[in-house]
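Here the structure comes first, spelled out in structure tokens, and everything after it is commentary.
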Amino acid sequence: MEQIVGALIVLPWIFAIAVFLSPNHRLRQILTFLSLPVLTYLAFKVWNSNLPFFVETPHWVETAVTVFDYLLLGYFLYQGIKFRSFLVSVLAVAQLFLLTWVLLILPHSATPPIYVDRLTSFMYLIVATVGTIICIYATKYMEQENLDRENRFVAILLWFLGVMNFAVSVNNIEWFFALFETTTLASYILIRFRWDEISVKNAIRALWMNQVGGIAILIGILFAVKYYNVYNFTDILKINATAISMIPLGFLSISALVKGAQMPFHKWLLGAMVAPTPVSAILHSATMVKIAPYLILRISPVIKGTLLAKLLITTTGFVFVAAGLLALTQDNFKRILAYSTISLLGLMMLTASMGSSVAILASLLLIFFHAVVKALLFLEAGIMEKEFHVKYIEEMRRLIEKAPITVFFIALGFMSMTIVPYGIFIAKWITLEEASNFISHGAYIASIIFITIGGVILTLLYFKVIGVISRKRGEFVSFKLEKLPFIYMFTTGLYVISTIVGSLFIAHFSTDFVNLVVKDITGEFANIKAESLTLITPVSQIYDWQILGAIILLMIVPVSAYFVYFKADRVYEYTCGENISLNIGTYNFSCISKIEPFIETIAVALFVLTLVLGGGLV
Amino acid sequence: MNLKKYRKKSPWILHYNTGSCNGCDVEILACLAPKYDLERFGVLNRGNPKQSDILLVTGPVTKRARERLIRLYMEMPEPKVVVAVGACACTGGVFRGMYNVENGVDKFIPVDVYVPGCAARPENIIDGVVRALEILEEKKKDLQLTRKCVGDIEYVLGKQLNRRKIVAEGIRRCYEDRRD
Amino acid sequence: MSKELSVVLTLLSPFIGGLVYGFERIVRARMQNRQGPPILQPFYDFFKLMDKRSIMIHSFHAFMGIMYLIGTWFSLYVLLSGGDILIAIFFHVLSLAFLVIGGFSVRSPYSVVGAMRELIHMLAYEPVFVLAAVGLYLVTGTFQVSELLKTDTVPILTLPLVFIAFLLSLPAVLKKSPFDIAEAHQEIIGGPEIEYSGKFYEAVYTAKWIEYVYAFFFVFLFAGGNYFLGAVLVVLSFFIVNLIDNATARVNFRQMVSFHWYILIPLVVVNLMLLALWRA
């Protein structure tokens with residue numbers, strides 16, 4: 001098993017080097033394409049093995065990681081000086097100082113530094129499927145953008161997958177810090193990939209914001225060593241947390257919030273959209289931001305029911321609503337997607353910090369379906385950019401006449417983030433029912449309000465966009481599907497199929513697959529059952545005919561809507577009898593942008609409260 | 001099942017003012033208000049030509065209003081009736097012969113009931129509407145064209161009767177003989 | 001509720017809803033000191049619309065109108081078949097999605113504005129609905145409608161504030177004054193339904209009757225297993241909604257959302273919190 005885990009970590013690096021060195025575009029595509037079955041096979045191998053297990057590493061790896069740490073921080077410092085960024089340099093210096101301190105006081109621990117359980121293996125699967133498909137897509141995308149730098153771009157993406165695989169399998173928090181900062185480095189390189197002024201500016205911002213997260217981890221380690229004398233995730237989980245200090249866990253949560261782009265640290269994820277679209281896709285779906293819910297899931301058994309968890313629920317719930325509200329004011333398609341990612345990350349962390357088995361299940365479902373759907377939507381954004389040359393939703397007007405398939409996929413992606421039978425809805429639903437059990441505490445009742453209002457706001461947002469793209473002047477003159485390159489159809493098609501199939505078999509997917517992960521995290525199975533397609537939760541159930549009916553309504557109907565033709569007279573739209581030229585815009589909710597500073601203030605306050613009260617700094 | 005009898009029971013109204021002095025419009029509102037209560041016959045004022053059966057027109061049709069009148073009329077689905085309310089809508093009234101009016105509704109669209117009076121009394125309007133309902137019941141569902149469109153419209157546009165094209169053609173013809 | 005009964009009720013729901021709507025028109029007329037139309041008036045309208053020559057903007061739009069009817073009908077069956085309340089609430093969102101997409105799919109200013117306002121309606125009333133469902137769960141211990149109808153407890157006795165909030169959010173669901181901003185006949189002439197006519201409008205019109213049944217069935221749930229009290233509550237809320245409809249003017253969308261968020265939600269939350277703390 002050790003070899004397979006090692007292969008999962010090292011193979012993407014090898015693929016990356018091979019892609020980087022290969023001279024031929026076709027060869028690079030084949031290599032990238034190979035990574036999908038290879039990594040998926042290995043990930044399944046790990047999933048089917050006897051989990052959980054530890055992996056011992058030779059002593060030199062420890063030294064290597066330490067050296068790598070210093071090199072990395074040195075590189076950050078160099079970048080800070082090179083681009084004259086005061087914040088980056090100062091934070092890099094602070095990190096160097098804290099890292100040295102940590103290394104000095106680190107006690108000897110017998111616990112092996114690699115720990116592979118179901119959660120890790122679940123993340124492997126997401127990275128192996130969702131992540132590699134984005135790399136395949138990137139080969140075509142970069143061919144259209146800049147073929148000379150394609151090898152470099154795809155190589156970085158593949159390498160990023162390897163880093164991500166490594167990051168989710170470490171047990172030693174000090175190593176985790178190294179990998180955490182490596183993902184920061186990867187995102188930094190990817191965001192500044194185009195090397196224009198705004199890219200560099202946004203990349204620097206992403207860098208310093210994530211460095212704050214790194215510092216929080218380092219401080220967390222310091223306090224963990226001081227209070228518990230341990231620095232491994234598995235050891236921390238064994239501690240009876242109610243009896244001792246919450247400070248380390250508080251700092252770890254803060255780093256998760258920063259990595260998960262929660263307000264007020266959300267700007268870096270928004271800035272990532274200046275890079276080529278596959279970058280946004282990979283940051284938002286499979287890697288990077290998913291570290292945040294992963295980290296909360298890791299520590300959730302310890303923080304469950306504490307004040308820290310309740311404050312985390314309130315903070316992330318607030319972000320869920322606030323990011324959705326701010327997304328309403330945006331008119332750039334990728335920016336809308338970015339805000340909705342921030343919002344849904346909030347929901348993932350909210351469910352993760354609830355900590356009960358059912359809530360953890362909801363969180364895992366959210367992670368999986370969000371990864372698939374957000375990847376799909378970002379790939380569609382890239383397709384629209386390259387094939388139809390639209391970036392803003394105002395330009396997407398009447399896209400349905402030109403690109404029925406793209407519109408159908410976008411609509412499906414948006415609907416699967418809010419509407420009834422799809423995975424994200426199921427997660428939201430079981431969270432609502434779970435939260436209803438603990439209603440005597442304000443945080444849980446707040447979470448119900450946040451989930452409902454945030455959900456409706458996201459519905460409003462998505463339908464606003466769907467409305468713009470589905471607007472038509474009249475009957476289809478001659479209905480024909482747009483011609484997309486094979487790779488675009490293949491990658492997006494895979495995501496669409498997995499969304500629909502996953503939602504259709506959500507009951508078995510949750511009980512037979514995700515529930516095993518829940519068992520590894522909380523120690524007990526979530527109390528859910530599956531009967532054919534019916535999902536039975538502790539207090540309620542969603543029937544097979546409901547799921548099927550909703551899928552038919554949402555799948556068959558939009559497809560058939562293209563082909564339905566009624567025999568009736570065509571008339572003009574009602575415009576009070578005036579003969580005017582119509583130019584329909586969208587409502588951009590400028591009333592909300594006025595309260596943006598107010599929202600950010602509350603976010604900062606909640607952030608500080610989480611750290612100070614939740615972390616027990618008082 | 002004969003659905004014709006239900007036409008009489010649920011007439012929905014579209015009210016259009018083609019430049020009247022508002023005297024007749026006030027009387028129409030009075031008909032709908034509690035005192036006369038046209039709703040007891042199932043009458044609703046929809047304000048939307050696509051869902052209406054009766055077009056109540058007031059005013060002498062100013063030149064600016066005629067294009068709108070044709071559009072609104074053409075947007076109403078058949079069967080439909082037109083009630084010209086007030087002296088102006090019937091003949092042009094006191095405005096007849098003025099430089100800016102077209103002297104009555106029936107120059108442009110076929111009128112089924114004329115309700116005289118300046119302003120028309122609510123009782124008369126109700127009588128007119130009731131009379132219009134009798135006509136409505138007998139109407140066929142064929143496409144009803146505006147006055148200016150009647151004639152060789154099928155010849156011009158071919159057999160395919162698309163309302164969008166007919167409205168455009170009707171408005172074009174309206175402007176053929178414009179004097180100003 | 002047995003399976004047969006729920007199927008029959010769902011199939012009959014357009015008739016029931018139509019009768020309710022006809023009765024409502026009479027009640028509203030009497031409140032305004034008028035005589036009002038006959039009680040079967042909605043059905044006369046129905047048959048008349050069937051008789052009209054059909055016109056439309058384009059097939060996609062017309063098809064969405066028909067799907068709105070089917071979606072609403074399906075969501076009513078989800079509610080009546082004894083399933084989960086929350087699922088039923090979210091299925092209602094699904095059915096509204098068709099109306100909204102239909103409203104957005106034409107280049108008509110009123111229709112687009114109306115569709116947007118329809119979504120804002122959802123923003124206002126849905127949290128109240130979900131919290132009311134949570135309240136019912138808190139009292140009866142189940143989210144299943146079929147179990148709710150069997151319990152001995154009477155939820156309204158312990159959830160009076162929730163019931164009041166729910167009652168005050170009903171106008172937003174049924175699009176009645178003061179929260180009729182999505183339809184707003186004097187302002188945007190029916191909003192998303194403006195471009196439908198003839199047979200296609202008939203579908204939208206019928207779907208609205210089904211929504212009456214849907215909304216008032218929720219009121220019925222507040223009486224738990226006590227069906228007589230449930231009927232009383234339904235009749236009472238019917239009159240109160242119509243009284244409010246007659247007595248108030250339309251507010252704008254900001255006032256509507258802030259009324260729901262800042263008055264009704266706290267009302268519900270106070271009730272739920274106090275109850276949960278009392279139980280704990």
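Following the order of the structure tokens, first chain is A, next is B, and so on, with residues numbered from 1 inside each chain and ligands from 1 in the order they appear.
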9 Å contact set for region 109-117 of chain C, only C-alpha atoms, chain neighbours under 2 positions out, as JSON, numbers by chain: {"A": [460, 463, 464, 467, 573, 574, 575, 582, 583, 584, 586, 587], "C": [99, 100, 101, 102, 103, 104, 105, 106, 107, 119, 120, 121, 122, 181, 182, 183, 184, 187, 188, 189, 190, 191, 192, 193, 194, 195, 253]}
8 Å contact set for Met50 (chain C), only C-alpha atoms, chain neighbours under 4 positions out, as a ChimeraX atom specification: /B:3 /C:46,198-199,202
Please write the residues from the selection above to a file, keeping C-alpha atoms, as a PDB file, in the first residue's frame.
ATOM      1  CA  LEU B   3     -67.382  26.132 -25.738  1.00  0.00           C
TER       2      LEU B   3
ATOM      3  CA  PHE C  46     -61.042  28.382 -18.218  1.00  0.00           C
ATOM      4  CA  GLY C 198     -55.192  31.469 -24.893  1.00  0.00           C
ATOM      5  CA  LYS C 199     -54.449  27.841 -24.079  1.00  0.00           C
ATOM      6  CA  GLU C 202     -54.825  28.624 -19.286  1.00  0.00           C
TER       7      GLU C 202
END
Selected residue of minimal separation from Gly230 (chain C) among C:Pro155, C:Ile164, C:Ala249, C:Leu49, counting only C-alpha atoms: C:Pro155
At a cut-off of 9 Å, using only C-alpha atoms, what residues contact region 36-39 of chain B? Leave out same-chain residues fewer than 6 positions from it and give the result as a compact mmCIF listing (two decimals) with all heavy atoms, in the first residue's frame.
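Okay, this is what ended up in selection_25.txt:
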# COMPACT_ATOMS: atom_id res chain seq x y z
N ALA B 30 -66.07 53.84 -13.79
CA ALA B 30 -67.26 53.81 -12.94
C ALA B 30 -68.02 52.51 -13.14
O ALA B 30 -68.58 51.96 -12.20
CB ALA B 30 -68.16 55.01 -13.27
N ASN B 45 -60.84 43.77 -16.04
CA ASN B 45 -60.03 44.70 -16.82
C ASN B 45 -58.60 44.19 -16.80
O ASN B 45 -57.89 44.37 -15.82
CB ASN B 45 -60.14 46.10 -16.23
CG ASN B 45 -59.49 47.12 -17.12
OD1 ASN B 45 -59.05 46.80 -18.22
ND2 ASN B 45 -59.43 48.35 -16.65
N PRO B 122 -72.57 55.32 -18.04
CA PRO B 122 -72.23 53.94 -17.64
C PRO B 122 -73.28 52.94 -18.07
O PRO B 122 -72.94 51.84 -18.50
CB PRO B 122 -72.13 54.04 -16.12
CG PRO B 122 -71.83 55.45 -15.83
CD PRO B 122 -72.45 56.26 -16.92
N GLU B 123 -74.56 53.32 -17.95
CA GLU B 123 -75.60 52.39 -18.36
C GLU B 123 -75.45 52.04 -19.83
O GLU B 123 -75.60 50.89 -20.23
CB GLU B 123 -76.99 53.00 -18.12
CG GLU B 123 -77.38 53.17 -16.67
CD GLU B 123 -76.95 54.50 -16.08
OE1 GLU B 123 -76.08 55.16 -16.70
OE2 GLU B 123 -77.45 54.87 -15.02
N ILE B 126 -72.55 49.68 -20.30
CA ILE B 126 -72.90 48.30 -19.93
C ILE B 126 -73.77 47.69 -21.02
O ILE B 126 -73.55 46.54 -21.43
CB ILE B 126 -73.62 48.28 -18.56
CG1 ILE B 126 -72.63 48.70 -17.48
CG2 ILE B 126 -74.17 46.91 -18.27
CD1 ILE B 126 -73.24 48.86 -16.13
N ALA C 29 -65.47 40.73 -3.56
CA ALA C 29 -66.50 41.65 -4.05
C ALA C 29 -67.40 42.10 -2.90
O ALA C 29 -67.71 43.28 -2.75
CB ALA C 29 -67.32 40.98 -5.14
N ARG C 34 -69.80 44.92 -3.37
CA ARG C 34 -70.25 44.61 -4.72
C ARG C 34 -70.93 43.26 -4.68
O ARG C 34 -70.86 42.54 -3.69
CB ARG C 34 -69.05 44.51 -5.68
CG ARG C 34 -68.34 45.79 -5.93
CD ARG C 34 -67.37 45.63 -7.07
NE ARG C 34 -66.13 44.95 -6.69
CZ ARG C 34 -65.67 43.87 -7.30
NH1 ARG C 34 -66.36 43.30 -8.27
NH2 ARG C 34 -64.54 43.32 -6.92
N GLN C 35 -71.53 42.89 -5.82
CA GLN C 35 -72.15 41.58 -5.86
C GLN C 35 -71.12 40.50 -6.22
O GLN C 35 -71.10 39.42 -5.64
CB GLN C 35 -73.28 41.56 -6.86
CG GLN C 35 -74.13 40.32 -6.72
CD GLN C 35 -75.08 40.15 -7.88
OE1 GLN C 35 -75.24 41.05 -8.68
NE2 GLN C 35 -75.71 39.01 -7.94
N GLY C 36 -70.30 40.79 -7.20
CA GLY C 36 -69.26 39.82 -7.56
C GLY C 36 -69.73 38.79 -8.56
O GLY C 36 -70.93 38.61 -8.77
N PRO C 37 -68.81 38.10 -9.18
CA PRO C 37 -69.14 37.11 -10.21
C PRO C 37 -69.68 35.83 -9.59
O PRO C 37 -69.55 35.64 -8.38
CB PRO C 37 -67.79 36.87 -10.88
CG PRO C 37 -66.80 37.12 -9.81
CD PRO C 37 -67.36 38.18 -8.94
Give me the residues of chain C that have any atom at most 7 Å from an atom of chain A; for each, the nearest atom pair and the distance in Å, rounded to one decimal. Use only C-alpha atoms, sort by chain and number, and format it as JSON lines.
{"residue": "C:Ser54", "atom": "CA", "partner": "A:Ala568", "partner_atom": "CA", "distance": 5.5}
{"residue": "C:Ile55", "atom": "CA", "partner": "A:Asp569", "partner_atom": "CA", "distance": 4.6}
{"residue": "C:Met56", "atom": "CA", "partner": "A:Arg570", "partner_atom": "CA", "distance": 5.3}
{"residue": "C:Ile57", "atom": "CA", "partner": "A:Arg570", "partner_atom": "CA", "distance": 5.4}
{"residue": "C:His58", "atom": "CA", "partner": "A:Glu475", "partner_atom": "CA", "distance": 5.1}
{"residue": "C:Ser59", "atom": "CA", "partner": "A:Tyr565", "partner_atom": "CA", "distance": 5.4}
{"residue": "C:Phe60", "atom": "CA", "partner": "A:Ala561", "partner_atom": "CA", "distance": 5.6}
{"residue": "C:Phe63", "atom": "CA", "partner": "A:Ala561", "partner_atom": "CA", "distance": 6.7}
{"residue": "C:Asp84", "atom": "CA", "partner": "A:Ser540", "partner_atom": "CA", "distance": 6.3}
{"residue": "C:Phe90", "atom": "CA", "partner": "A:Val420", "partner_atom": "CA", "distance": 6.1}
{"residue": "C:Phe91", "atom": "CA", "partner": "A:Val420", "partner_atom": "CA", "distance": 6.2}
{"residue": "C:Leu94", "atom": "CA", "partner": "A:Ile419", "partner_atom": "CA", "distance": 6.3}
{"residue": "C:Ile101", "atom": "CA", "partner": "A:Gly467", "partner_atom": "CA", "distance": 5.7}
{"residue": "C:Phe104", "atom": "CA", "partner": "A:Gly467", "partner_atom": "CA", "distance": 4.8}
{"residue": "C:Ser105", "atom": "CA", "partner": "A:Arg471", "partner_atom": "CA", "distance": 3.9}
{"residue": "C:Val106", "atom": "CA", "partner": "A:Arg471", "partner_atom": "CA", "distance": 5.6}
{"residue": "C:Arg107", "atom": "CA", "partner": "A:Arg473", "partner_atom": "CA", "distance": 6.5}
{"residue": "C:Ser108", "atom": "CA", "partner": "A:Glu573", "partner_atom": "CA", "distance": 5.3}
{"residue": "C:Pro109", "atom": "CA", "partner": "A:Ile584", "partner_atom": "CA", "distance": 6.7}
{"residue": "C:Leu119", "atom": "CA", "partner": "A:Leu460", "partner_atom": "CA", "distance": 5.7}
{"residue": "C:Met122", "atom": "CA", "partner": "A:Val456", "partner_atom": "CA", "distance": 7.0}
{"residue": "C:Leu123", "atom": "CA", "partner": "A:Val456", "partner_atom": "CA", "distance": 5.5}
{"residue": "C:Pro127", "atom": "CA", "partner": "A:Thr452", "partner_atom": "CA", "distance": 5.5}
{"residue": "C:Val134", "atom": "CA", "partner": "A:Ser436", "partner_atom": "CA", "distance": 6.1}
{"residue": "C:Thr142", "atom": "CA", "partner": "A:Val539", "partner_atom": "CA", "distance": 6.1}
{"residue": "C:Phe143", "atom": "CA", "partner": "A:Ser540", "partner_atom": "CA", "distance": 6.0}
{"residue": "C:Gln144", "atom": "CA", "partner": "A:Ser540", "partner_atom": "CA", "distance": 6.2}
{"residue": "C:Glu195", "atom": "CA", "partner": "A:Glu573", "partner_atom": "CA", "distance": 6.7}
{"residue": "C:Met273", "atom": "CA", "partner": "A:Ser440", "partner_atom": "CA", "distance": 5.8}
{"residue": "C:Ala276", "atom": "CA", "partner": "A:Ser440", "partner_atom": "CA", "distance": 4.8}
{"residue": "C:Leu277", "atom": "CA", "partner": "A:Ser440", "partner_atom": "CA", "distance": 5.3}
DSSP-assigned helix (DSSP H, G or I) members of region 158-222 of chain C, reported as a ChimeraX atom specification: /C:158,160-174,185-188,191-193,198-221
Would you give me, as JSON lines, each residue of chain B having an atom within 9 Å of an atom of chain A, along with its shortest atom pair and that distance in Å to one decimal, using only C-alpha atoms and sorting by chain and residue number?
{"residue": "B:Asn48", "atom": "CA", "partner": "A:Tyr574", "partner_atom": "CA", "distance": 8.0}
{"residue": "B:Pro49", "atom": "CA", "partner": "A:Tyr574", "partner_atom": "CA", "distance": 8.1}
{"residue": "B:Lys50", "atom": "CA", "partner": "A:Tyr574", "partner_atom": "CA", "distance": 8.2}
{"residue": "B:Glu67", "atom": "CA", "partner": "A:Gly577", "partner_atom": "CA", "distance": 7.6}
{"residue": "B:Arg68", "atom": "CA", "partner": "A:Gly577", "partner_atom": "CA", "distance": 4.4}
{"residue": "B:Leu69", "atom": "CA", "partner": "A:Gly577", "partner_atom": "CA", "distance": 7.1}
{"residue": "B:Ile70", "atom": "CA", "partner": "A:Gly577", "partner_atom": "CA", "distance": 8.1}
{"residue": "B:Arg71", "atom": "CA", "partner": "A:Gly577", "partner_atom": "CA", "distance": 5.4}
{"residue": "B:Leu72", "atom": "CA", "partner": "A:Gly577", "partner_atom": "CA", "distance": 5.6}
{"residue": "B:Met74", "atom": "CA", "partner": "A:Val571", "partner_atom": "CA", "distance": 8.5}
{"residue": "B:Glu75", "atom": "CA", "partner": "A:Val571", "partner_atom": "CA", "distance": 6.6}
{"residue": "B:Leu161", "atom": "CA", "partner": "A:Asp569", "partner_atom": "CA", "distance": 7.7}
{"residue": "B:Asn162", "atom": "CA", "partner": "A:Asp569", "partner_atom": "CA", "distance": 5.9}
{"residue": "B:Arg163", "atom": "CA", "partner": "A:Val571", "partner_atom": "CA", "distance": 5.6}
{"residue": "B:Arg164", "atom": "CA", "partner": "A:Val571", "partner_atom": "CA", "distance": 5.2}
{"residue": "B:Lys165", "atom": "CA", "partner": "A:Val571", "partner_atom": "CA", "distance": 8.9}
{"residue": "B:Val167", "atom": "CA", "partner": "A:Val571", "partner_atom": "CA", "distance": 8.7}
Strand (DSSP E) call set, DSSP backbone run, region 16-49 of chain B, as an MDAnalysis selection string: chainID B and resid 16:17 44:45
Find the residues around Glu482 (chain A) up to 12 Å (only C-alpha atoms counted), leave out those fewer than 4 positions away in its own chain, and share them as a short mmCIF file (atom, residue, chain, number, x, y, z; two decimals) with all heavy atoms, in the first residue's frame.
data_model
loop_
_atom_site.label_atom_id
_atom_site.label_comp_id
_atom_site.auth_asym_id
_atom_site.auth_seq_id
_atom_site.Cartn_x
_atom_site.Cartn_y
_atom_site.Cartn_z
N ILE A 383 -14.98 27.75 -22.26
CA ILE A 383 -15.48 27.50 -23.61
C ILE A 383 -16.14 28.75 -24.17
O ILE A 383 -15.92 29.14 -25.32
CB ILE A 383 -16.48 26.32 -23.58
CG1 ILE A 383 -15.75 25.02 -23.31
CG2 ILE A 383 -17.22 26.23 -24.91
CD1 ILE A 383 -16.66 23.85 -23.10
N MET A 384 -16.93 29.42 -23.32
CA MET A 384 -17.60 30.63 -23.80
C MET A 384 -16.58 31.69 -24.18
O MET A 384 -16.76 32.43 -25.13
CB MET A 384 -18.54 31.17 -22.72
CG MET A 384 -19.79 30.35 -22.60
SD MET A 384 -21.08 31.25 -21.84
CE MET A 384 -20.43 31.43 -20.22
N GLU A 387 -14.69 30.11 -27.49
CA GLU A 387 -15.47 29.81 -28.69
C GLU A 387 -16.44 30.94 -29.04
O GLU A 387 -16.70 31.20 -30.21
CB GLU A 387 -16.26 28.51 -28.49
CG GLU A 387 -15.40 27.30 -28.25
CD GLU A 387 -14.76 26.80 -29.53
OE1 GLU A 387 -15.40 26.89 -30.60
OE2 GLU A 387 -13.60 26.33 -29.46
N PHE A 388 -17.00 31.59 -28.03
CA PHE A 388 -18.01 32.60 -28.31
C PHE A 388 -17.58 34.00 -27.89
O PHE A 388 -18.33 34.95 -28.07
CB PHE A 388 -19.34 32.23 -27.62
CG PHE A 388 -19.78 30.84 -27.93
CD1 PHE A 388 -19.70 29.83 -26.99
CD2 PHE A 388 -20.27 30.52 -29.19
CE1 PHE A 388 -20.09 28.55 -27.30
CE2 PHE A 388 -20.65 29.25 -29.50
CZ PHE A 388 -20.57 28.26 -28.55
N LEU A 399 -27.62 33.64 -25.83
CA LEU A 399 -26.63 32.62 -26.17
C LEU A 399 -27.31 31.35 -26.66
O LEU A 399 -26.75 30.59 -27.44
CB LEU A 399 -25.78 32.32 -24.93
CG LEU A 399 -24.49 31.56 -25.14
CD1 LEU A 399 -23.52 32.40 -25.92
CD2 LEU A 399 -23.87 31.20 -23.81
N ILE A 400 -28.54 31.16 -26.21
CA ILE A 400 -29.26 29.92 -26.54
C ILE A 400 -29.44 29.76 -28.04
O ILE A 400 -29.51 28.66 -28.57
CB ILE A 400 -30.61 29.89 -25.81
CG1 ILE A 400 -31.21 28.50 -25.81
CG2 ILE A 400 -31.58 30.87 -26.39
CD1 ILE A 400 -32.38 28.33 -24.91
N GLU A 401 -29.47 30.89 -28.76
CA GLU A 401 -29.65 30.79 -30.21
C GLU A 401 -28.38 30.30 -30.88
O GLU A 401 -28.44 29.68 -31.93
CB GLU A 401 -30.07 32.16 -30.77
CG GLU A 401 -31.47 32.55 -30.36
CD GLU A 401 -31.81 33.97 -30.70
OE1 GLU A 401 -30.97 34.67 -31.27
OE2 GLU A 401 -32.94 34.37 -30.38
N LYS A 402 -27.24 30.63 -30.27
CA LYS A 402 -25.98 30.24 -30.89
C LYS A 402 -25.47 28.91 -30.37
O LYS A 402 -24.87 28.15 -31.10
CB LYS A 402 -24.91 31.31 -30.59
CG LYS A 402 -25.05 32.56 -31.41
CD LYS A 402 -23.92 33.52 -31.09
CE LYS A 402 -24.15 34.21 -29.76
NZ LYS A 402 -23.16 35.21 -29.43
N ALA A 403 -25.66 28.67 -29.07
CA ALA A 403 -24.98 27.56 -28.43
C ALA A 403 -25.91 26.79 -27.51
O ALA A 403 -25.84 26.92 -26.29
CB ALA A 403 -23.78 28.08 -27.64
N PRO A 404 -26.80 25.99 -28.06
CA PRO A 404 -27.76 25.28 -27.18
C PRO A 404 -27.10 24.32 -26.21
O PRO A 404 -27.53 24.22 -25.06
CB PRO A 404 -28.65 24.52 -28.17
CG PRO A 404 -28.29 24.96 -29.51
CD PRO A 404 -27.02 25.73 -29.48
N ILE A 405 -26.04 23.63 -26.64
CA ILE A 405 -25.44 22.65 -25.72
C ILE A 405 -24.81 23.36 -24.53
O ILE A 405 -25.02 22.99 -23.38
CB ILE A 405 -24.35 21.82 -26.44
CG1 ILE A 405 -24.96 21.06 -27.60
CG2 ILE A 405 -23.69 20.86 -25.48
CD1 ILE A 405 -23.95 20.24 -28.35
N THR A 406 -24.04 24.41 -24.82
CA THR A 406 -23.39 25.14 -23.74
C THR A 406 -24.43 25.68 -22.76
O THR A 406 -24.26 25.56 -21.55
CB THR A 406 -22.58 26.30 -24.33
OG1 THR A 406 -21.79 25.80 -25.38
CG2 THR A 406 -21.68 26.92 -23.30
N VAL A 407 -25.50 26.23 -23.30
CA VAL A 407 -26.53 26.78 -22.42
C VAL A 407 -27.15 25.68 -21.58
O VAL A 407 -27.37 25.85 -20.38
CB VAL A 407 -27.61 27.49 -23.28
CG1 VAL A 407 -28.85 27.74 -22.46
CG2 VAL A 407 -27.06 28.78 -23.81
N PHE A 408 -27.38 24.54 -22.21
CA PHE A 408 -27.98 23.44 -21.45
C PHE A 408 -27.06 23.00 -20.33
O PHE A 408 -27.50 22.79 -19.19
CB PHE A 408 -28.28 22.28 -22.40
CG PHE A 408 -28.77 21.05 -21.71
CD1 PHE A 408 -29.93 21.09 -20.96
CD2 PHE A 408 -28.07 19.86 -21.78
CE1 PHE A 408 -30.39 19.98 -20.30
CE2 PHE A 408 -28.52 18.75 -21.13
CZ PHE A 408 -29.67 18.80 -20.38
N PHE A 486 -13.58 18.31 -29.69
CA PHE A 486 -13.89 17.04 -29.01
C PHE A 486 -13.54 17.10 -27.53
O PHE A 486 -14.31 16.66 -26.68
CB PHE A 486 -13.12 15.90 -29.68
CG PHE A 486 -13.16 14.63 -28.89
CD1 PHE A 486 -14.33 13.88 -28.83
CD2 PHE A 486 -12.06 14.20 -28.18
CE1 PHE A 486 -14.39 12.73 -28.09
CE2 PHE A 486 -12.11 13.03 -27.43
CZ PHE A 486 -13.28 12.31 -27.39
N TYR A 488 -13.41 19.54 -25.46
CA TYR A 488 -14.37 20.32 -24.68
C TYR A 488 -15.63 19.51 -24.41
O TYR A 488 -16.12 19.46 -23.27
CB TYR A 488 -14.73 21.61 -25.44
CG TYR A 488 -13.65 22.65 -25.43
CD1 TYR A 488 -13.79 23.82 -26.18
CD2 TYR A 488 -12.51 22.50 -24.68
CE1 TYR A 488 -12.80 24.78 -26.18
CE2 TYR A 488 -11.52 23.45 -24.67
CZ TYR A 488 -11.67 24.60 -25.43
OH TYR A 488 -10.70 25.55 -25.42
N MET A 489 -16.13 18.87 -25.45
CA MET A 489 -17.35 18.09 -25.26
C MET A 489 -17.09 16.93 -24.31
O MET A 489 -17.91 16.62 -23.44
CB MET A 489 -17.82 17.53 -26.60
CG MET A 489 -18.65 18.46 -27.43
SD MET A 489 -19.99 19.20 -26.52
CE MET A 489 -21.03 17.79 -26.26
#
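Across the model, the gap from CA of Val83 (chain B) to CA of Met98 (chain B) is 22.9 Å.
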Within 10 Å of region 54-67 of chain A using only C-alpha atoms, minus same-chain residues under 4 positions, as a PyMOL selection string: chain A and resi 1-3+5-6+71-72+99-100+103+110-117+169-171+174-175+178-179
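The smallest atom-to-atom distance between chain B and any of C:Gly18, C:Gly135, C:Pro38, C:Gly65, using only C-alpha atoms, is found for C:Pro38.
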For Lys63 (chain B): contacts at 9 Å, only C-alpha atoms, fewer than 3 positions along chain excluded, given as JSON, numbers by chain: {"B": [66, 67, 100, 101, 102]}
